[in-house]
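Text of coords-v2.txt, listed as compact mmCIF, C-alpha atoms and all ligand atoms:
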```txt
# COMPACT_ATOMS: atom_id res chain seq x y z
CA MET A 405 33.55 -19.43 -63.20
CA GLN A 406 31.60 -22.41 -62.02
CA ALA A 407 32.62 -21.80 -58.39
CA LYS A 408 31.68 -18.05 -58.54
CA HIS A 409 28.26 -18.89 -59.88
CA SER A 410 27.46 -21.32 -57.12
CA PHE A 411 28.71 -18.88 -54.45
CA LYS A 412 26.11 -16.33 -55.66
CA PHE A 413 23.54 -19.07 -55.80
CA TYR A 414 24.24 -20.06 -52.18
CA LEU A 415 24.15 -16.43 -51.09
CA LEU A 416 20.73 -16.09 -52.65
CA ILE A 417 19.51 -19.22 -50.91
CA ILE A 418 20.85 -18.05 -47.55
CA PHE A 419 19.34 -14.59 -48.02
CA SER A 420 15.90 -15.94 -49.00
CA PHE A 421 15.94 -18.34 -46.07
CA TYR A 422 16.88 -15.52 -43.69
CA SER A 423 14.14 -13.19 -44.91
CA LEU A 424 11.59 -15.98 -44.84
CA THR A 425 12.38 -16.84 -41.21
CA ALA A 426 12.37 -13.12 -40.31
CA VAL A 427 8.85 -12.81 -41.74
CA GLN A 428 7.82 -16.00 -39.98
CA ALA A 429 9.29 -14.79 -36.71
CA LYS A 430 7.16 -11.65 -36.97
CA ALA A 431 4.06 -13.66 -37.77
CA VAL A 432 4.34 -15.75 -34.60
CA GLU A 433 5.20 -12.85 -32.31
CA PRO A 434 3.02 -13.45 -29.26
CA TYR A 435 0.17 -11.34 -27.94
CA VAL A 436 -0.75 -11.90 -24.31
CA ILE A 437 -3.59 -10.33 -22.34
CA LEU A 438 -3.25 -10.85 -18.59
CA VAL A 439 -6.65 -10.45 -16.92
CA SER A 440 -7.10 -10.20 -13.15
CA PHE A 441 -10.42 -10.85 -11.41
CA ASP A 442 -9.85 -9.52 -7.90
CA GLY A 443 -10.86 -11.94 -5.14
CA PHE A 444 -12.29 -14.61 -7.48
CA ARG A 445 -12.03 -17.70 -5.28
CA TRP A 446 -10.75 -20.98 -6.75
CA ASP A 447 -14.12 -22.77 -6.42
CA TYR A 448 -16.46 -20.05 -7.78
CA PRO A 449 -16.41 -21.71 -11.24
CA ASP A 450 -18.08 -24.79 -9.70
CA ARG A 451 -21.35 -22.89 -9.23
CA GLY A 452 -22.54 -23.46 -12.78
CA ILE A 453 -22.86 -19.74 -13.56
CA THR A 454 -19.67 -19.21 -15.56
CA PRO A 455 -20.20 -20.49 -19.12
CA ASN A 456 -17.30 -18.45 -20.51
CA LEU A 457 -14.86 -19.89 -17.99
CA ASP A 458 -16.17 -23.32 -18.96
CA PHE A 459 -15.30 -22.47 -22.57
CA PHE A 460 -11.77 -21.50 -21.46
CA LYS A 461 -11.47 -24.79 -19.60
CA VAL A 462 -12.37 -26.90 -22.64
CA ASN A 463 -10.27 -24.85 -25.05
CA GLY A 464 -7.32 -24.11 -22.81
CA VAL A 465 -5.70 -24.77 -19.45
CA LYS A 466 -7.43 -24.69 -16.07
CA ALA A 467 -5.64 -25.11 -12.75
CA LEU A 468 -7.34 -26.62 -9.72
CA SER A 469 -6.40 -23.43 -7.85
CA PHE A 470 -3.92 -20.57 -7.98
CA LYS A 471 -1.85 -20.07 -4.87
CA PRO A 472 -1.21 -16.49 -3.81
CA ALA A 473 1.78 -15.25 -1.87
CA PHE A 474 1.47 -14.26 1.78
CA PRO A 475 -0.15 -11.95 2.79
CA SER A 476 -3.03 -12.84 0.46
CA LYS A 477 -3.86 -9.18 -0.26
CA THR A 478 -4.35 -7.34 -3.54
CA PHE A 479 -1.19 -5.27 -3.99
CA PRO A 480 1.35 -7.79 -2.64
CA ASN A 481 -0.10 -10.40 -5.01
CA HIS A 482 -0.47 -8.34 -8.16
CA LEU A 483 3.18 -7.45 -7.69
CA SER A 484 4.10 -11.10 -7.10
CA ILE A 485 2.34 -12.08 -10.32
CA ILE A 486 4.00 -9.36 -12.37
CA THR A 487 7.53 -9.65 -10.86
CA GLY A 488 7.80 -13.36 -10.02
CA MET A 489 8.88 -12.47 -6.49
CA TYR A 490 7.55 -12.96 -2.98
CA PRO A 491 6.37 -9.73 -1.31
CA GLU A 492 9.40 -9.80 1.03
CA ASN A 493 11.55 -9.45 -2.11
CA HIS A 494 9.51 -7.14 -4.37
CA GLY A 495 8.86 -4.81 -1.45
CA ILE A 496 5.06 -4.38 -1.50
CA ILE A 497 4.65 -6.32 1.72
CA GLN A 498 1.06 -5.18 2.40
CA ASN A 499 -1.63 -2.90 0.97
CA GLU A 500 -0.58 -0.40 3.64
CA PHE A 501 2.77 -0.28 5.43
CA GLU A 502 5.38 2.09 6.73
CA ASP A 503 9.02 2.84 6.21
CA PRO A 504 10.26 3.74 9.71
CA PHE A 505 13.74 4.53 8.37
CA GLU A 506 12.54 7.34 6.11
CA ASN A 507 9.33 8.07 8.02
CA THR A 508 7.17 7.55 4.92
CA SER A 509 4.24 5.30 4.26
CA TYR A 510 2.73 3.33 1.39
CA GLY A 511 -1.00 2.88 0.89
CA ILE A 512 -3.13 1.74 -2.02
CA SER A 513 -5.39 4.80 -1.84
CA ASP A 514 -2.48 7.21 -1.53
CA THR A 515 -1.75 7.85 -5.21
CA VAL A 516 1.50 9.66 -4.49
CA SER A 517 2.97 6.61 -2.77
CA VAL A 518 1.49 4.21 -5.34
CA ARG A 519 3.31 6.10 -8.11
CA ASP A 520 6.61 6.37 -6.26
CA ALA A 521 9.06 3.89 -7.79
CA LYS A 522 11.12 3.64 -4.59
CA TRP A 523 8.69 1.11 -3.10
CA TYR A 524 8.89 -1.34 -6.02
CA GLN A 525 12.02 -3.41 -5.66
CA GLY A 526 11.16 -6.08 -8.21
CA GLU A 527 11.17 -5.72 -11.98
CA ALA A 528 7.67 -5.90 -13.46
CA PHE A 529 7.27 -8.00 -16.58
CA TRP A 530 6.45 -4.89 -18.61
CA GLU A 531 9.91 -3.49 -17.72
CA THR A 532 11.67 -6.72 -18.71
CA ALA A 533 9.67 -6.84 -21.94
CA GLU A 534 10.09 -3.19 -22.94
CA ARG A 535 13.85 -3.41 -22.40
CA GLN A 536 13.89 -6.30 -24.86
CA GLY A 537 11.88 -4.51 -27.53
CA ILE A 538 8.30 -5.50 -26.69
CA LYS A 539 5.65 -2.78 -26.33
CA THR A 540 3.34 -3.22 -23.34
CA ALA A 541 0.09 -1.71 -22.07
CA SER A 542 -1.91 -1.76 -18.87
CA PHE A 543 -5.57 -1.02 -18.36
CA PHE A 544 -4.90 -1.06 -14.65
CA TRP A 545 -2.49 -3.13 -12.63
CA PRO A 546 -0.97 -2.25 -9.27
CA GLY A 547 2.45 -0.74 -9.84
CA SER A 548 1.81 0.25 -13.48
CA GLU A 549 1.58 3.95 -12.71
CA VAL A 550 5.07 4.59 -11.39
CA THR A 551 6.26 7.98 -12.54
CA LEU A 552 9.68 6.83 -13.77
CA SER A 553 9.27 6.59 -17.55
CA TYR A 554 11.45 3.48 -17.88
CA ARG A 555 9.48 1.58 -15.25
CA HIS A 556 5.91 1.78 -16.55
CA PRO A 557 4.33 0.24 -19.67
CA THR A 558 4.31 2.32 -22.89
CA TYR A 559 0.55 2.71 -22.49
CA TYR A 560 -1.12 2.79 -19.09
CA LYS A 561 -4.14 4.28 -17.32
CA LYS A 562 -4.37 5.94 -13.96
CA TYR A 563 -6.53 3.79 -11.71
CA GLU A 564 -10.22 4.70 -11.63
CA HIS A 565 -12.12 2.27 -9.45
CA ASP A 566 -15.51 3.15 -10.95
CA LEU A 567 -14.55 3.18 -14.61
CA ASP A 568 -17.07 1.19 -16.62
CA TYR A 569 -15.84 -2.38 -17.28
CA GLY A 570 -16.90 -2.24 -20.95
CA LYS A 571 -14.71 0.85 -21.45
CA ARG A 572 -11.71 -1.12 -20.17
CA ILE A 573 -12.33 -3.75 -22.84
CA ASP A 574 -12.80 -1.03 -25.50
CA GLY A 575 -9.45 0.45 -24.44
CA VAL A 576 -7.61 -2.86 -24.82
CA ILE A 577 -9.21 -3.50 -28.23
CA ASP A 578 -8.23 0.01 -29.35
CA TRP A 579 -4.63 -0.68 -28.36
CA LEU A 580 -4.68 -3.92 -30.35
CA LYS A 581 -6.00 -2.04 -33.39
CA LEU A 582 -3.04 0.35 -33.42
CA PRO A 583 -0.68 0.21 -36.42
CA TYR A 584 1.79 -2.65 -36.04
CA ASN A 585 4.72 -0.50 -34.91
CA GLU A 586 2.72 1.12 -32.13
CA ARG A 587 0.76 -1.94 -31.04
CA PRO A 588 1.43 -3.46 -27.62
CA HIS A 589 1.99 -7.22 -27.39
CA PHE A 590 1.58 -7.61 -23.65
CA LEU A 591 -1.50 -6.07 -22.02
CA THR A 592 -3.03 -6.22 -18.54
CA MET A 593 -6.59 -5.73 -17.33
CA TYR A 594 -8.16 -5.61 -13.87
CA PHE A 595 -11.73 -6.04 -12.56
CA HIS A 596 -12.59 -5.64 -8.87
CA GLU A 597 -16.23 -6.85 -8.74
CA THR A 598 -15.82 -10.16 -6.88
CA ASP A 599 -13.51 -8.59 -4.31
CA SER A 600 -15.86 -5.70 -3.47
CA LYS A 601 -18.96 -7.88 -3.28
CA GLY A 602 -17.11 -10.62 -1.39
CA HIS A 603 -16.05 -8.13 1.32
CA ARG A 604 -19.55 -6.74 1.63
CA PHE A 605 -21.75 -9.78 1.34
CA GLY A 606 -19.51 -12.80 1.86
CA THR A 607 -18.95 -15.74 -0.44
CA THR A 608 -22.53 -16.99 -0.75
CA GLY A 609 -25.76 -15.39 -1.87
CA ILE A 610 -27.14 -13.46 -4.77
CA GLU A 611 -24.70 -10.51 -4.62
CA ILE A 612 -21.51 -12.51 -4.99
CA ASN A 613 -23.11 -14.80 -7.56
CA ASN A 614 -24.09 -11.75 -9.63
CA ALA A 615 -20.49 -10.52 -9.41
CA ILE A 616 -19.15 -13.92 -10.50
CA HIS A 617 -21.58 -14.01 -13.41
CA LEU A 618 -20.77 -10.43 -14.43
CA LEU A 619 -17.02 -11.04 -14.59
CA ASP A 620 -17.59 -14.25 -16.52
CA SER A 621 -19.69 -12.39 -19.08
CA LEU A 622 -16.99 -9.72 -19.40
CA VAL A 623 -14.39 -12.27 -20.38
CA GLY A 624 -16.88 -13.62 -22.94
CA HIS A 625 -17.29 -10.08 -24.24
CA LEU A 626 -13.52 -9.60 -24.46
CA TYR A 627 -13.20 -12.84 -26.43
CA LYS A 628 -15.97 -11.79 -28.83
CA ARG A 629 -14.33 -8.40 -29.41
CA LEU A 630 -11.05 -10.20 -30.19
CA LYS A 631 -12.94 -12.36 -32.70
CA ASP A 632 -14.39 -9.23 -34.32
CA ILE A 633 -10.88 -7.93 -35.00
CA ASN A 634 -9.67 -11.37 -36.12
CA MET A 635 -7.31 -11.76 -33.20
CA ALA A 636 -9.04 -14.44 -31.11
CA ASP A 637 -6.76 -17.13 -32.52
CA SER A 638 -3.52 -15.20 -32.18
CA VAL A 639 -3.94 -13.83 -28.64
CA ASP A 640 -3.19 -15.74 -25.45
CA ILE A 641 -5.45 -14.81 -22.56
CA ILE A 642 -4.21 -15.60 -19.07
CA LEU A 643 -7.08 -15.14 -16.67
CA LEU A 644 -6.29 -15.30 -12.98
CA SER A 645 -7.12 -13.91 -9.58
CA ASP A 646 -4.92 -12.45 -6.88
CA HIS A 647 -6.48 -14.38 -3.95
CA GLY A 648 -9.72 -15.90 -2.71
CA MET A 649 -12.09 -14.87 0.07
CA THR A 650 -13.46 -16.32 3.31
CA ASN A 651 -16.53 -15.49 5.36
CA LEU A 652 -16.26 -13.43 8.54
CA ASP A 653 -18.39 -13.38 11.64
CA LYS A 654 -18.96 -10.41 13.96
CA GLU A 655 -18.11 -12.60 16.94
CA ARG A 656 -14.69 -13.59 15.61
CA LYS A 657 -12.64 -10.49 16.30
CA ILE A 658 -9.80 -9.75 18.70
CA ASN A 659 -8.46 -6.44 20.02
CA ILE A 660 -4.75 -7.20 20.05
CA GLU A 661 -3.91 -3.97 21.84
CA SER A 662 -6.06 -4.97 24.79
CA LEU A 663 -3.75 -7.96 25.30
CA LEU A 664 -0.67 -5.75 25.67
CA ASP A 665 0.65 -3.90 28.72
CA ILE A 666 3.40 -2.23 26.72
CA LYS A 667 2.54 0.51 24.22
CA CYS A 668 3.60 -0.60 20.74
CA LYS A 669 3.37 0.71 17.21
CA ILE A 670 0.66 -1.35 15.50
CA ILE A 671 0.45 -1.43 11.71
CA GLY A 672 -2.63 -2.75 9.92
CA PHE A 673 -5.76 -4.58 11.00
CA GLY A 674 -7.71 -7.55 9.70
CA PRO A 675 -6.05 -10.90 8.98
CA VAL A 676 -2.47 -9.72 9.55
CA MET A 677 -0.95 -7.18 11.90
CA MET A 678 2.62 -5.96 12.28
CA ILE A 679 3.78 -4.86 15.73
CA GLU A 680 6.83 -2.82 16.59
CA PRO A 681 7.47 -2.77 20.37
CA PRO A 682 9.85 -0.24 21.92
CA LYS A 683 13.51 -1.31 21.57
CA GLN A 684 14.52 -4.02 24.09
CA LYS A 685 10.86 -4.98 24.60
CA VAL A 686 10.37 -7.31 21.65
CA GLU A 687 10.78 -10.51 23.66
CA GLU A 688 8.45 -9.31 26.40
CA VAL A 689 5.69 -8.28 23.97
CA TYR A 690 6.15 -11.50 22.01
CA LEU A 691 5.73 -13.62 25.18
CA GLU A 692 2.71 -11.59 26.25
CA LEU A 693 0.97 -12.20 22.92
CA LYS A 694 2.07 -15.81 22.76
CA LYS A 695 0.46 -16.42 26.17
CA SER A 696 -2.94 -15.36 24.87
CA ALA A 697 -2.60 -16.55 21.29
CA ASN A 698 -6.06 -17.90 20.84
CA HIS A 699 -7.30 -17.81 17.22
CA PHE A 700 -4.12 -16.16 16.03
CA ARG A 701 -0.43 -16.98 15.70
CA VAL A 702 2.37 -14.69 16.72
CA PHE A 703 5.89 -14.76 15.27
CA LYS A 704 9.08 -12.88 15.83
CA LYS A 705 10.21 -11.55 12.46
CA ASN A 706 13.05 -14.06 12.06
CA GLU A 707 10.82 -16.94 13.18
CA VAL A 708 8.01 -16.49 10.67
CA PRO A 709 7.62 -19.98 9.14
CA GLU A 710 9.75 -20.42 6.03
CA TYR A 711 6.74 -21.30 3.85
CA LEU A 712 5.20 -17.86 4.33
CA HIS A 713 8.33 -16.14 2.93
CA PHE A 714 7.69 -13.13 5.10
CA SER A 715 10.74 -12.14 7.11
CA LYS A 716 13.54 -10.85 4.89
CA ASN A 717 12.29 -7.36 4.12
CA PRO A 718 13.58 -4.57 6.42
CA LEU A 719 10.08 -3.02 6.52
CA ILE A 720 8.54 -6.10 8.13
CA SER A 721 8.27 -5.24 11.81
CA SER A 722 9.72 -7.19 14.73
CA ILE A 723 6.50 -9.08 15.44
CA VAL A 724 3.99 -10.45 12.94
CA VAL A 725 0.53 -11.60 14.03
CA VAL A 726 -1.54 -13.80 11.71
CA ALA A 727 -5.22 -14.43 12.49
CA ASP A 728 -6.76 -17.86 12.03
CA LEU A 729 -8.97 -18.13 8.98
CA GLY A 730 -12.09 -15.97 9.39
CA TRP A 731 -10.83 -14.04 12.43
CA VAL A 732 -10.21 -10.29 12.46
CA LEU A 733 -7.49 -8.49 14.44
CA TYR A 734 -7.80 -4.85 15.39
CA ASP A 735 -6.41 -2.24 17.78
CA ASN A 736 -7.87 0.81 19.52
CA SER A 737 -7.24 3.04 16.53
CA SER A 738 -9.03 0.71 14.12
CA GLU A 739 -11.91 -0.05 16.50
CA LYS A 740 -14.21 2.50 14.83
CA ILE A 741 -13.54 1.01 11.39
CA ILE A 742 -14.22 -2.44 12.76
CA LYS A 743 -17.54 -1.27 14.20
CA ARG A 744 -18.61 -0.18 10.69
CA TYR A 745 -17.22 -3.36 9.10
CA SER A 746 -19.78 -5.35 7.16
CA PHE A 747 -18.23 -8.66 8.26
CA GLY A 748 -19.02 -10.23 4.92
CA GLY A 749 -15.70 -11.65 3.78
CA ASP A 750 -11.97 -10.99 3.84
CA HIS A 751 -8.62 -12.30 2.66
CA GLY A 752 -5.00 -11.79 3.64
CA TYR A 753 -4.70 -14.99 5.69
CA ASP A 754 -2.11 -17.79 5.44
CA ASN A 755 -1.75 -18.52 1.73
CA SER A 756 -1.85 -22.27 2.26
CA GLU A 757 -5.54 -21.98 3.30
CA ILE A 758 -7.48 -23.14 0.25
CA ASP A 759 -10.05 -20.34 0.76
CA MET A 760 -7.27 -17.90 -0.07
CA HIS A 761 -6.58 -19.53 -3.43
CA GLY A 762 -7.72 -17.97 -6.68
CA ILE A 763 -8.28 -19.15 -10.26
CA PHE A 764 -5.95 -19.67 -13.20
CA TYR A 765 -7.05 -20.20 -16.83
CA ALA A 766 -5.03 -19.80 -20.02
CA ILE A 767 -6.22 -20.02 -23.59
CA GLY A 768 -4.54 -19.29 -26.92
CA PRO A 769 -1.92 -20.53 -29.37
CA HIS A 770 0.77 -21.13 -26.73
CA PHE A 771 -1.39 -23.20 -24.39
CA LYS A 772 -2.52 -26.79 -24.29
CA LYS A 773 -6.21 -27.42 -24.88
CA ASN A 774 -8.62 -29.11 -22.52
CA PHE A 775 -5.80 -29.48 -20.01
CA LEU A 776 -6.51 -29.62 -16.29
CA THR A 777 -3.67 -29.24 -13.86
CA GLY A 778 -3.22 -29.01 -10.09
CA THR A 779 -2.50 -25.88 -8.07
CA LEU A 780 -0.16 -23.36 -9.71
CA ASN A 781 1.87 -20.66 -7.90
CA ASN A 782 1.41 -17.03 -8.80
CA ILE A 783 5.14 -16.26 -8.66
CA ASP A 784 5.60 -18.58 -11.66
CA VAL A 785 3.66 -16.39 -14.09
CA TYR A 786 6.58 -14.00 -14.71
CA PRO A 787 8.95 -16.75 -15.94
CA LEU A 788 6.05 -18.22 -17.97
CA LEU A 789 5.53 -14.88 -19.73
CA SER A 790 9.26 -14.61 -20.40
CA LYS A 791 9.21 -18.05 -21.99
CA ILE A 792 6.20 -17.20 -24.19
CA PHE A 793 7.89 -14.04 -25.45
CA GLY A 794 11.29 -15.74 -25.76
CA ILE A 795 13.00 -13.09 -23.64
CA GLN A 796 15.49 -13.25 -20.79
CA PRO A 797 13.82 -13.09 -17.36
CA ARG A 798 15.55 -11.47 -14.37
CA ASN A 799 17.57 -14.09 -12.53
CA ASN A 800 16.77 -12.85 -9.01
CA ILE A 801 13.15 -14.02 -9.04
CA ASP A 802 11.48 -16.61 -6.79
CA GLY A 803 9.29 -18.07 -9.55
CA LYS A 804 10.34 -21.21 -11.41
CA LEU A 805 9.60 -21.98 -15.03
CA GLU A 806 9.96 -25.76 -14.40
CA ARG A 807 6.88 -25.67 -12.17
CA ILE A 808 4.60 -24.26 -14.86
CA GLU A 809 5.98 -24.71 -18.39
CA PHE A 810 4.18 -28.03 -18.90
CA ILE A 811 0.97 -26.07 -19.57
CA LEU A 812 2.52 -24.71 -22.78
CA ASN A 813 2.30 -26.43 -26.15
CA LYS A 814 5.51 -28.16 -27.13
P1 LIG A 901 -7.95 -5.31 -0.96
O1 LIG A 901 -7.98 -4.41 0.22
O2 LIG A 901 -6.73 -6.18 -0.96
O3 LIG A 901 -9.21 -6.03 -1.13
O4 LIG A 901 -7.79 -4.34 -2.22
C1 LIG A 901 -8.75 -4.24 -3.25
C2 LIG A 901 -8.84 -2.83 -3.73
O5 LIG A 901 -7.63 -2.45 -4.40
C3 LIG A 901 -9.91 -2.64 -4.79
O6 LIG A 901 -11.15 -2.32 -4.24
C4 LIG A 901 -9.37 -1.53 -5.66
O7 LIG A 901 -10.05 -0.33 -5.47
C5 LIG A 901 -7.93 -1.35 -5.21
N1 LIG A 901 -7.05 -1.34 -6.38
C6 LIG A 901 -6.89 -2.30 -7.29
N2 LIG A 901 -6.02 -1.94 -8.24
C7 LIG A 901 -5.62 -0.70 -7.94
C8 LIG A 901 -4.72 0.22 -8.54
N3 LIG A 901 -4.05 -0.08 -9.66
N4 LIG A 901 -4.54 1.41 -7.94
C9 LIG A 901 -5.19 1.70 -6.79
N5 LIG A 901 -6.06 0.87 -6.17
C10 LIG A 901 -6.29 -0.31 -6.74
ZN ZN A 902 -7.46 -8.48 -4.33
ZN ZN A 903 -10.17 -7.47 -1.05
```

Take the structure in the file and write it out as structure tokens.
Amino acid sequence: MQAKHSFKFYLLIIFSFYSLTAVQAKAVEPYVILVSFDGFRWDYPDRGITPNLDFFKVNGVKALSFKPAFPSKTFPNHLSIITGMYPENHGIIQNEFEDPFENTSYGISDTVSVRDAKWYQGEAFWETAERQGIKTASFFWPGSEVTLSYRHPTYYKKYEHDLDYGKRIDGVIDWLKLPYNERPHFLTMYFHETDSKGHRFGTTGIEINNAIHLLDSLVGHLYKRLKDINMADSVDIILLSDHGMTNLDKERKINIESLLDIKCKIIGFGPVMMIEPPKQKVEEVYLELKKSANHFRVFKKNEVPEYLHFSKNPLISSIVVVADLGWVLYDNSSEKIIKRYSFGGDHGYDNSEIDMHGIFYAIGPHFKKNFLTGTLNNIDVYPLLSKIFGIQPRNNIDGKLERIEFILNK
């Protein structure tokens, strides 16, 4: 009798403990908003015009800079952030590129290609999360619009460049106000202002400073709206940028095609160019370019320096040309575009150039407070997110949790 009684008693204890921890587990379920400020250079916060970023710094984590992947362009890097992979592995090797095997092309303004899942070889964090029971949402992020239902977030918006920034914040707040069972826990946002103004006007002057100030005030507005719905203390905000920006100069441009005697297929213009010579002519074209490599570097695909991580993908062409910082490469077909170029600023260059680095801030219950750290790598965000949500990351990524987890609270 005695033994039976205590068995029931123990069962009761175990049951109450289990339900208590289940409730607790729900209560600490993370919310993360990942915010991207396109082209927000690492040192813009030093201009004294970003009070909201200063608030993030004191109350959260700030990195000295945030290192993009090469090429330091928008789509390759948003995909690196969200998949934890280098562009050569996630497949979005440029904003525009071609697949010579299938005779198709990818381009950021070609919505059909942008929504075609075949180009995206990495697994975005929203896929990893949804598979493990976490609802996700995206108010814009490159790659979030793929048409395959199991590869996009539960909630997402089709990209509208001119959509009012305030409406994007309203949309995220509305998602967070959904009933618990429908509410997303991981959300992304994107703002282009500093990229557009940086291209047009360069990295100094009133226009870029207004853009910097505007984005700073938007993050303040987001934080206030989170306060209004009593979520400011339970949401982590990771605020980062995809790359930096450097000033151009009309005089610093090179027509690569004019240096070649052999007709080649030339893909892209600006800081990086890919060149596909006729078969058997790769060595000849390479030597020709190498001979006149002034203000740019030329590499055969398998000789691209290891640190750039830009050789493995089959869609990278036989020759890769990388301009020196601030120089612009073009060919005859892009000459007209170059003539209309504003020569304000650009990005895409070697990712070890500090001008190409962006910002990284993180604030919220999972992050240390008033914690300054050195440069972080953007491929490490995916494993960081997996850690915060306590889910299993893909094991084929390039990012490493060990390089970033020290910014989390114990
Ligand atoms: P970049 O040429 O690298 O400076 O690319 C920046 C441009 O990417 C911005 O001006 C945006 O219009 C565009 N962009 C950003 N996100 C998206 C998206 N999700 N879909 C299509 N275009 C985008
Ligand atoms: Zn960008
Ligand atoms: Zn840009």

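Here atom CA of Arg572 of chain A is placed at a distance of 13.9 Å from atom CA of Ser621 of chain A.
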
### Message
Using all atoms listed in the file, which protein or nucleic acid residues come within 7 Å of segment 436-442 of chain A? Drop anything in the same chain fewer than 2 positions from it, and give the result as a ChimeraX atom specification.
### Response
/A:434,444,589-599,639-646

Kindly provide the residues of chain A that approach ligand ZN 903 (chain A) to within 8 Å, each paired with its closest atom pair and their distance in Å to one decimal, based on all atoms listed in the file, listed by chain and increasing number, as CSV.
```
residue,atom,partner,partner_atom,distance
A:Asp442,CA,A:ZN903,ZN,7.2
A:Gly443,CA,A:ZN903,ZN,6.1
A:Lys477,CA,A:ZN903,ZN,6.6
A:Thr478,CA,A:ZN903,ZN,6.3
A:Asp599,CA,A:ZN903,ZN,4.8
A:Ser600,CA,A:ZN903,ZN,6.4
A:Gly602,CA,A:ZN903,ZN,7.6
A:His603,CA,A:ZN903,ZN,6.4
A:Met649,CA,A:ZN903,ZN,7.7
A:Asp750,CA,A:ZN903,ZN,6.3
A:His751,CA,A:ZN903,ZN,6.3
```

Hey, can you pull every residue with an atom no more than 12 Å from (13.1, 2.1, 27.2), using all atoms listed in the file, and send it as a PDB file with C-alpha atoms, keeping the file's coordinate frame?
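point14.pdb, written as the output of this step:
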```
ATOM      1  CA  ILE A 666       3.400  -2.230  26.720  1.00  0.00           C
ATOM      2  CA  LYS A 667       2.540   0.510  24.220  1.00  0.00           C
ATOM      3  CA  CYS A 668       3.600  -0.600  20.740  1.00  0.00           C
ATOM      4  CA  PRO A 681       7.470  -2.770  20.370  1.00  0.00           C
ATOM      5  CA  PRO A 682       9.850  -0.240  21.920  1.00  0.00           C
ATOM      6  CA  LYS A 683      13.510  -1.310  21.570  1.00  0.00           C
ATOM      7  CA  GLN A 684      14.520  -4.020  24.090  1.00  0.00           C
ATOM      8  CA  LYS A 685      10.860  -4.980  24.600  1.00  0.00           C
ATOM      9  CA  VAL A 686      10.370  -7.310  21.650  1.00  0.00           C
TER      10      VAL A 686
END
```

Using only C-alpha atoms, find each residue of segment 693-779 of chain A with at least one atom at most 12 Å away from an atom of segment 799-808 of chain A; report its shortest atom-to-atom pair and that distance in Å (one decimal), sort the rows by chain and rising residue number, and return the result as a tab-separated table.
```
residue	atom	partner	partner_atom	distance
A:His713	CA	A:Asp802	CA	10.2
A:Phe764	CA	A:Ile808	CA	11.6
A:Ala766	CA	A:Ile808	CA	11.8
A:Phe771	CA	A:Ile808	CA	11.3
A:Thr777	CA	A:Ile808	CA	9.7
A:Gly778	CA	A:Ile808	CA	10.3
A:Thr779	CA	A:Ile808	CA	10.0
```

### Query
Suppose you want the space between atom CA of Arg445 of chain A and atom CA of Pro472 of chain A; what is it in Å?
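A separation of 11.0 Å between them.
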
### Task
Just the residues within 12 Å of Arg744 of chain A, please, counting all atoms listed in the file, with nothing from its chain fewer than 4 positions along; format it as a list in words.
Arg604, Lys654, Ser738, Glu739, Lys740 and Gly748 of chain A

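Ranking A:Asn698, A:Asn651, A:Ser715, A:Gln536 by their shortest atom-to-atom distance to Ser746 of chain A, with all atoms listed in the file included, puts A:Asn651 first.
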
Provide an axis-aligned box for all listed atoms of ligand LIG 901 (chain A), padding each side by 3 Å; report its centre and its edge lengths in Å to one decimal, as AutoDock Vina command-line options.
```
--center_x -7.6 --center_y -2.2 --center_z -4.7 --size_x 13.1 --size_y 13.9 --size_z 15.9
```

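Of the listed residues A:Asn755, A:Phe543, A:Tyr559, A:Met760, the one whose atoms come nearest to Tyr711 of chain A is A:Asn755, with distances taken using only C-alpha atoms.
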
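Each of A:Gly526, A:Pro504, A:Gly570, A:Gly749 was compared to ligand LIG 901 (chain A) using only C-alpha atoms and all ligand atoms, and A:Gly749 turns out to be the nearest.
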
### For atom CA of Ile767 of chain A and atom CA of Phe544 of chain A, the interatomic separation in Å (one decimal)
21.0 Å

## Note on the structure
Across A:Lys539, A:Lys705, A:Lys814, A:Lys716, the smallest distance to Arg587 of chain A, with all atoms listed in the file counted, is shown by A:Lys539

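Distances from A:Val516, A:Ile496, A:Ile616, A:Ile538 to Ser790 of chain A were compared using all atoms listed in the file, and the smallest one belongs to A:Ile538.
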
### Message
Counting all atoms listed in the file, which residue out of A:Pro557, A:Gly648, A:Pro588, A:Gly464 sits closest to ligand ZN 902 (chain A)?
### Response
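Answer, going by the shortest atom-to-atom distance: A:Gly648.
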
### Nearby residues (all atoms listed in the file) at most 8 Å from Val550 of chain A, same-chain spacing under 6 positions excluded, as a list in words
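Counting only the stated atoms, we get Val518, Arg519, Asp520, Ala521 and His556 of chain A.
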
### Task
Fewer than 3 positions away in the same chain doesn't count, so skip those; otherwise give me all residues within 12 Å of Pro797 of chain A, counting all atoms listed in the file, as a VMD selection string.
chain A and resid 486 to 489 526 to 536 784 to 794 800 to 805

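Remark: residues at most 6 Å from position (-11.8, -20.6, -6.3) in file coordinates are Arg445, Trp446, Asp447, Tyr448, Gly762 and Ile763 of chain A, using all atoms listed in the file.
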
Could you write out the selected residues, including C-alpha atoms, as a JSON list (two decimals), keeping the file's coordinate frame?
```json
[["chain", "number", "residue", "atom", "x", "y", "z"],
["A", 445, "ARG", "CA", -12.03, -17.70, -5.28],
["A", 446, "TRP", "CA", -10.75, -20.98, -6.75],
["A", 447, "ASP", "CA", -14.12, -22.77, -6.42],
["A", 448, "TYR", "CA", -16.46, -20.05, -7.78],
["A", 762, "GLY", "CA", -7.72, -17.97, -6.68],
["A", 763, "ILE", "CA", -8.28, -19.15, -10.26]]
```
